[in-house]
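Data block for entry.cif (mmCIF, C-alpha atoms):
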data_data
loop_
_atom_site.label_atom_id
_atom_site.label_comp_id
_atom_site.auth_asym_id
_atom_site.auth_seq_id
_atom_site.Cartn_x
_atom_site.Cartn_y
_atom_site.Cartn_z
CA SER A 6 237.92 189.37 56.73
CA VAL A 7 239.29 185.82 56.89
CA ALA A 8 242.97 184.81 56.74
CA THR A 9 244.69 181.40 57.08
CA THR A 10 248.32 180.36 56.56
CA GLY A 11 248.40 176.57 57.03
CA ALA A 12 248.17 173.75 54.51
CA TYR A 13 244.66 172.36 53.90
CA ALA A 14 243.30 175.45 55.64
CA GLU A 15 240.52 176.86 53.51
CA GLY A 16 239.45 180.41 54.15
CA ILE A 17 235.77 179.44 54.12
CA SER A 18 234.53 175.86 53.77
CA ALA A 19 230.79 175.08 53.60
CA HIS A 20 229.14 171.77 52.68
CA SER A 21 225.56 170.48 52.69
CA TYR A 22 224.86 166.90 51.74
CA ARG A 23 221.14 167.42 51.04
CA GLY A 24 220.49 171.16 50.92
CA ASP A 25 221.54 174.51 49.50
CA VAL A 26 224.64 176.50 50.46
CA THR A 27 225.00 180.28 50.44
CA VAL A 28 228.28 182.06 51.22
CA THR A 29 228.65 185.85 51.37
CA SER A 30 232.12 187.09 52.19
CA GLY A 31 234.41 190.10 52.26
CA THR A 32 238.18 189.69 52.02
CA VAL A 33 239.60 186.14 52.13
CA THR A 34 243.32 185.26 52.13
CA THR A 35 245.04 181.85 52.41
CA GLY A 36 248.76 181.02 52.32
CA GLY A 37 249.04 177.24 52.45
CA ASN A 38 248.99 174.48 49.85
CA TYR A 39 245.59 172.87 49.24
CA ALA A 40 243.94 175.85 50.89
CA GLU A 41 241.15 177.21 48.75
CA GLY A 42 239.95 180.70 49.49
CA ILE A 43 236.27 179.70 49.41
CA LEU A 44 235.09 176.10 49.01
CA ALA A 45 231.33 175.47 48.96
CA SER A 46 229.38 172.40 47.89
CA GLY A 47 225.81 171.19 48.16
CA ALA A 48 223.22 168.93 46.58
CA GLY A 49 220.88 171.76 45.59
CA THR A 50 222.04 175.28 44.76
CA VAL A 51 225.43 176.66 45.74
CA THR A 52 225.59 180.47 45.82
CA ILE A 53 228.78 182.43 46.49
CA VAL A 54 229.04 186.22 46.64
CA SER A 55 232.56 187.34 47.48
CA GLY A 56 234.78 190.37 47.76
CA SER A 57 238.50 189.92 47.14
CA VAL A 58 240.07 186.46 47.39
CA THR A 59 243.82 185.76 47.40
CA THR A 60 245.64 182.41 47.66
CA SER A 61 249.37 181.74 47.40
CA GLY A 62 249.74 177.97 47.87
CA ASP A 63 249.76 175.18 45.29
CA SER A 64 246.45 173.48 44.49
CA ALA A 65 244.69 176.39 46.16
CA ALA A 66 241.93 177.72 43.95
CA GLY A 67 240.50 181.11 44.78
CA ILE A 68 236.79 180.19 44.69
CA VAL A 69 235.26 176.73 44.21
CA GLY A 70 231.49 176.17 43.96
CA GLU A 71 230.27 172.61 43.45
CA GLN A 72 226.77 171.23 43.05
CA ASP A 73 227.09 167.56 43.91
CA ALA A 74 223.67 165.97 43.45
CA ASP A 75 225.09 162.57 44.37
CA ASP A 76 225.34 163.77 47.94
CA GLY A 77 221.61 163.48 48.38
CA GLY A 78 219.74 163.77 45.12
CA TYR A 79 218.06 166.90 46.42
CA TYR A 80 216.61 169.34 43.89
CA SER A 81 216.47 172.87 45.25
CA LEU A 82 213.12 174.59 45.69
CA MET A 83 214.87 177.89 46.43
CA ALA A 84 217.17 178.06 43.41
CA PRO A 85 217.76 181.41 41.71
CA LEU A 86 215.44 181.91 38.75
CA ALA A 87 218.33 181.87 36.26
CA LEU A 88 219.42 178.44 37.44
CA GLY A 89 216.02 176.73 37.51
CA PRO A 90 214.64 173.97 39.75
CA ALA A 91 217.60 171.64 39.13
CA GLY A 92 219.82 173.97 41.13
CA GLY A 93 223.46 174.44 40.22
CA ALA A 94 226.22 176.88 41.09
CA SER A 95 226.11 180.68 41.12
CA ILE A 96 229.27 182.71 41.78
CA THR A 97 229.56 186.49 41.91
CA SER A 98 233.06 187.68 42.71
CA GLY A 99 235.27 190.70 43.06
CA GLU A 100 239.02 190.47 42.61
CA VAL A 101 240.53 186.96 42.67
CA THR A 102 244.29 186.28 42.70
CA THR A 103 246.14 182.95 42.91
CA SER A 104 249.90 182.36 42.59
CA GLY A 105 250.37 178.63 43.14
CA THR A 106 250.57 175.75 40.68
CA GLY A 107 247.22 174.13 39.88
CA SER A 108 245.27 177.00 41.41
CA GLU A 109 242.31 178.16 39.36
CA GLY A 110 240.93 181.59 40.01
CA ILE A 111 237.23 180.61 39.94
CA GLN A 112 236.00 177.04 39.53
CA ALA A 113 232.39 175.82 39.31
CA ASP A 114 230.92 172.36 38.71
CA ALA A 115 227.31 171.22 38.54
CA ASP A 116 225.99 167.65 38.34
CA THR A 117 222.37 168.35 37.35
CA GLY A 118 221.94 172.12 37.22
CA ASP A 119 223.29 175.21 35.53
CA ILE A 120 226.28 177.41 36.28
CA GLU A 121 226.45 181.19 36.32
CA ILE A 122 229.63 183.16 37.04
CA PHE A 123 229.72 186.94 37.25
CA SER A 124 233.22 188.31 37.81
CA THR A 125 233.32 192.05 38.36
CA GLY A 126 236.98 192.40 39.38
CA ASN A 127 240.31 191.21 38.03
CA VAL A 128 240.92 187.45 37.98
CA THR A 129 244.68 186.76 37.95
CA THR A 130 246.56 183.45 38.13
CA THR A 131 250.34 183.11 37.83
CA GLY A 132 251.00 179.42 38.43
CA GLN A 133 251.22 176.61 35.90
CA GLY A 134 247.98 174.72 35.22
CA SER A 135 245.88 177.50 36.72
CA ARG A 136 242.87 178.49 34.66
CA GLY A 137 241.37 181.89 35.27
CA ILE A 138 237.71 180.80 35.22
CA GLU A 139 236.55 177.19 34.83
CA ALA A 140 232.96 175.97 34.58
CA GLU A 141 231.69 172.44 33.90
CA ALA A 142 227.94 171.70 33.79
CA TYR A 143 227.45 167.99 33.22
CA ALA A 144 223.72 168.24 32.49
CA GLY A 145 222.94 171.95 32.25
CA MET A 146 224.03 175.31 30.87
CA VAL A 147 226.91 177.72 31.57
CA THR A 148 226.78 181.51 31.68
CA ILE A 149 229.95 183.54 32.29
CA GLU A 150 230.41 187.30 32.40
CA ASN A 151 233.81 188.70 33.31
CA ALA A 152 235.68 191.98 33.46
CA THR A 153 239.39 191.10 33.26
CA VAL A 154 241.14 187.72 33.29
CA THR A 155 244.93 187.28 33.21
CA THR A 156 246.88 184.01 33.39
CA GLU A 157 250.67 183.71 33.25
CA GLY A 158 251.43 180.00 33.60
CA SER A 159 251.50 177.31 30.93
CA TYR A 160 248.36 175.19 30.52
CA SER A 161 246.33 178.03 31.98
CA VAL A 162 243.32 178.82 29.83
CA GLY A 163 241.78 182.19 30.56
CA ILE A 164 238.15 180.98 30.49
CA TYR A 165 237.23 177.31 30.14
CA ALA A 166 233.61 176.19 29.84
CA GLU A 167 232.14 172.75 29.17
CA ALA A 168 228.43 171.93 29.22
CA GLU A 169 225.76 169.52 28.12
CA GLY A 170 223.55 172.50 27.19
CA HIS A 171 224.04 176.06 26.04
CA ILE A 172 227.16 178.10 26.81
CA SER A 173 227.13 181.90 26.91
CA ILE A 174 230.33 183.88 27.57
CA ALA A 175 230.68 187.67 27.65
CA SER A 176 234.29 188.71 28.26
CA ALA A 177 235.73 192.22 28.40
CA THR A 178 239.52 191.78 28.57
CA LEU A 179 241.50 188.54 28.60
CA THR A 180 245.27 187.88 28.48
CA THR A 181 247.29 184.64 28.66
CA THR A 182 251.09 184.41 28.36
CA GLY A 183 251.87 180.71 28.88
CA GLU A 184 252.01 177.94 26.30
CA SER A 185 248.91 175.82 25.67
CA SER A 186 246.80 178.56 27.21
CA ASN A 187 243.84 179.48 25.05
CA GLY A 188 242.16 182.77 25.80
CA ILE A 189 238.67 181.25 25.78
CA ARG A 190 237.77 177.59 25.26
CA ALA A 191 234.10 176.52 25.23
CA GLU A 192 232.66 173.12 24.33
CA SER A 193 229.02 171.99 24.35
CA ARG A 194 227.63 168.58 23.57
CA ASN A 195 223.98 169.41 22.82
CA GLY A 196 223.64 173.18 23.08
CA ASP A 197 224.62 176.39 21.33
CA VAL A 198 227.87 178.18 22.11
CA ALA A 199 227.76 182.00 22.04
CA ILE A 200 230.86 184.06 22.80
CA ALA A 201 231.10 187.85 22.82
CA SER A 202 234.58 189.13 23.63
CA GLY A 203 236.39 192.43 23.85
CA ALA A 204 240.19 192.28 23.77
CA VAL A 205 241.86 188.84 23.78
CA SER A 206 245.64 188.38 23.76
CA THR A 207 247.71 185.18 23.93
CA SER A 208 251.48 184.89 23.48
CA GLY A 209 252.36 181.24 24.09
CA SER A 210 252.50 178.46 21.52
CA GLY A 211 249.37 176.37 21.14
CA SER A 212 247.28 179.20 22.54
CA ARG A 213 244.30 180.11 20.41
CA GLY A 214 242.52 183.35 21.08
CA ILE A 215 239.06 181.76 21.09
CA TYR A 216 238.12 178.11 20.57
CA ALA A 217 234.40 177.29 20.41
CA GLU A 218 232.88 173.89 19.64
CA SER A 219 229.44 172.27 19.69
CA ASP A 220 228.46 168.76 18.65
CA TYR A 221 224.74 169.33 18.10
CA GLY A 222 224.27 173.09 18.41
CA SER A 223 225.31 176.27 16.66
CA VAL A 224 228.44 178.31 17.36
CA SER A 225 228.56 182.10 17.37
CA VAL A 226 231.65 184.21 18.06
CA VAL A 227 231.62 188.02 18.08
CA SER A 228 235.00 189.57 18.81
CA GLU A 229 236.41 193.09 18.96
CA SER A 230 240.16 192.40 19.03
CA ILE A 231 242.33 189.27 19.10
CA VAL A 232 246.13 189.04 19.07
CA THR A 233 248.08 185.76 19.25
CA GLY A 234 251.87 185.47 19.17
CA GLY A 235 252.69 181.77 19.34
CA ALA A 236 252.78 178.96 16.81
CA PHE A 237 249.63 176.87 16.37
CA SER A 238 247.59 179.73 17.80
CA ASP A 239 244.60 180.59 15.64
CA GLY A 240 242.84 183.81 16.40
CA ILE A 241 239.38 182.18 16.30
CA ASN A 242 238.68 178.49 15.79
CA ALA A 243 234.95 177.65 15.61
CA VAL A 244 233.63 174.12 15.06
CA ALA A 245 230.08 172.72 14.85
CA PHE A 246 229.29 169.16 13.82
CA ASP A 247 225.54 169.59 13.23
CA GLY A 248 225.00 173.34 13.60
CA THR A 249 225.74 176.64 11.94
CA VAL A 250 228.93 178.62 12.55
CA THR A 251 228.88 182.42 12.68
CA VAL A 252 231.99 184.54 13.23
CA GLU A 253 232.13 188.33 13.39
CA SER A 254 235.42 190.03 14.19
CA ALA A 255 236.63 193.62 14.08
CA GLY A 256 240.33 192.77 14.12
CA ILE A 257 242.61 189.73 14.40
CA GLU A 258 246.42 189.52 14.33
CA THR A 259 248.44 186.29 14.49
CA SER A 260 252.24 186.11 14.12
CA GLY A 261 253.08 182.47 14.77
CA ALA A 262 253.45 179.62 12.28
CA THR A 263 250.32 177.59 11.52
CA SER A 264 248.15 180.24 13.15
CA ALA A 265 245.09 181.11 11.08
CA GLY A 266 243.23 184.31 11.74
CA ILE A 267 239.84 182.58 11.55
CA ALA A 268 239.25 178.84 11.13
CA ALA A 269 235.64 177.65 10.89
CA ARG A 270 234.29 174.16 10.24
CA THR A 271 230.93 172.44 10.15
CA THR A 272 229.80 169.11 8.73
CA PHE A 273 226.16 169.64 7.75
CA ARG A 274 225.27 173.34 8.16
CA ASN A 275 226.28 176.79 6.95
CA ILE A 276 229.21 179.05 7.84
CA ASP A 277 228.97 182.85 7.93
CA ILE A 278 232.11 184.94 8.52
CA GLU A 279 232.07 188.74 8.61
#
Exercise: express the given structure as structure tokens:
Amino acid sequence: SVATTGAYAEGISAHSYRGDVTVTSGTVTTGGNYAEGILASGAGTVTIVSGSVTTSGDSAAGIVGEQDADDGGYYSLMAPLALGPAGGASITSGEVTTSGTGSEGIQADADTGDIEIFSTGNVTTTGQGSRGIEAEAYAGMVTIENATVTTEGSYSVGIYAEAEGHISIASATLTTTGESSNGIRAESRNGDVAIASGAVSTSGSGSRGIYAESDYGSVSVVSESIVTGGAFSDGINAVAFDGTVTVESAGIETSGATSAGIAARTTFRNIDIE
């Protein structure tokens, strides 16, 4: 186990300017501001496998994995098969809990490669501006699979994904209670967006259950249950500029003003809602 209490005192910090980084950890706890639980970055592939991670300071994310190709322009020859030769970030985590402002549960960024996040435990954030899971792939794809995500602060999206390529999200249970806190928000520039969700619940204003958008790909949303309680909080909002939109939902309930159950839009292709 690893425990720190000071400011700027990460639990585990690992950086490689031209190579790969692999971190395997058990229990990690930090108590100071700007003290991430695990912070790993590298030019090739960044791989994190963690047990439980807990942070209580502000600006103290639970797990951060960053592929920064600008550090050396190195393309990994040992990257996991799912990520490909361009490397990227791979995070497999147990329980993650953060309580400070601006403290994401799990955060991953990739300059040239893909991102994969597999969360098997509960991800819980209670501070304002603290997303549960955040992934941004500037040139690649994003894959996220999670068990349970809960956020309580305003501006705290449960799962946020942005990518140049495809986005795939499989979520079991997701709850947000703050305003402007969508359950799932996924945006791709040139790839498809596919979301399969179990139960999604949001209660704040401006908090859609699921928002999915692609500029030049298709959007598919399959949902079991969505409940939103705030104004301007659609159950599902799916948008594709030059791609098809498919929505399949077993049950949606919205109670706020200007909160559609399902809103789907596309400019040039077809829409299919079941």
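Residues in contact with Ile267 in chain A at up to 10 Å, not including ones fewer than 4 positions away on its chain and judged by all atoms listed in the file, are Gly214, Ile215, Asp239, Gly240, Ile241, Asn242, Ala243, Val252, Glu253, Ser254, Ile257, Glu258, Thr259 and Ile278 of chain A.
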Given the PyMOL selection byres ((chain A and resi 205) around 8), the residues it picks as a list in words: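 Answer for the PyMOL selection byres ((chain A and resi 205) around 8): Thr178, Leu179, Thr180, Gly188, Ser202, Gly203, Ala204, Ser206, Thr207, Gly214, Ser230, Ile231 and Val232 of chain A.
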d(CA of Gly211 in chain A, CA of Gln112 in chain A) in Å: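 So the two atoms, CA of Gly211 in chain A and CA of Gln112 in chain A, lie 22.7 Å apart.
Running the PyMOL selection byres ((chain A and resi 271) around 6) on this file leaves Val244, Ala245, Phe246, Arg270 and Thr272 of chain A selected.
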Top pick for closest residue to Ala66 in chain A, considering A:Val26, A:Val51, A:Ile138, A:Ile96 and counting only C-alpha atoms: A:Ile138
Explicit residue set for the PyMOL selection byres ((chain A and resi 36) around 10), as an MDAnalysis selection string: chainID A and resid 8:16 34:35 37:42 59:63 65 103:105
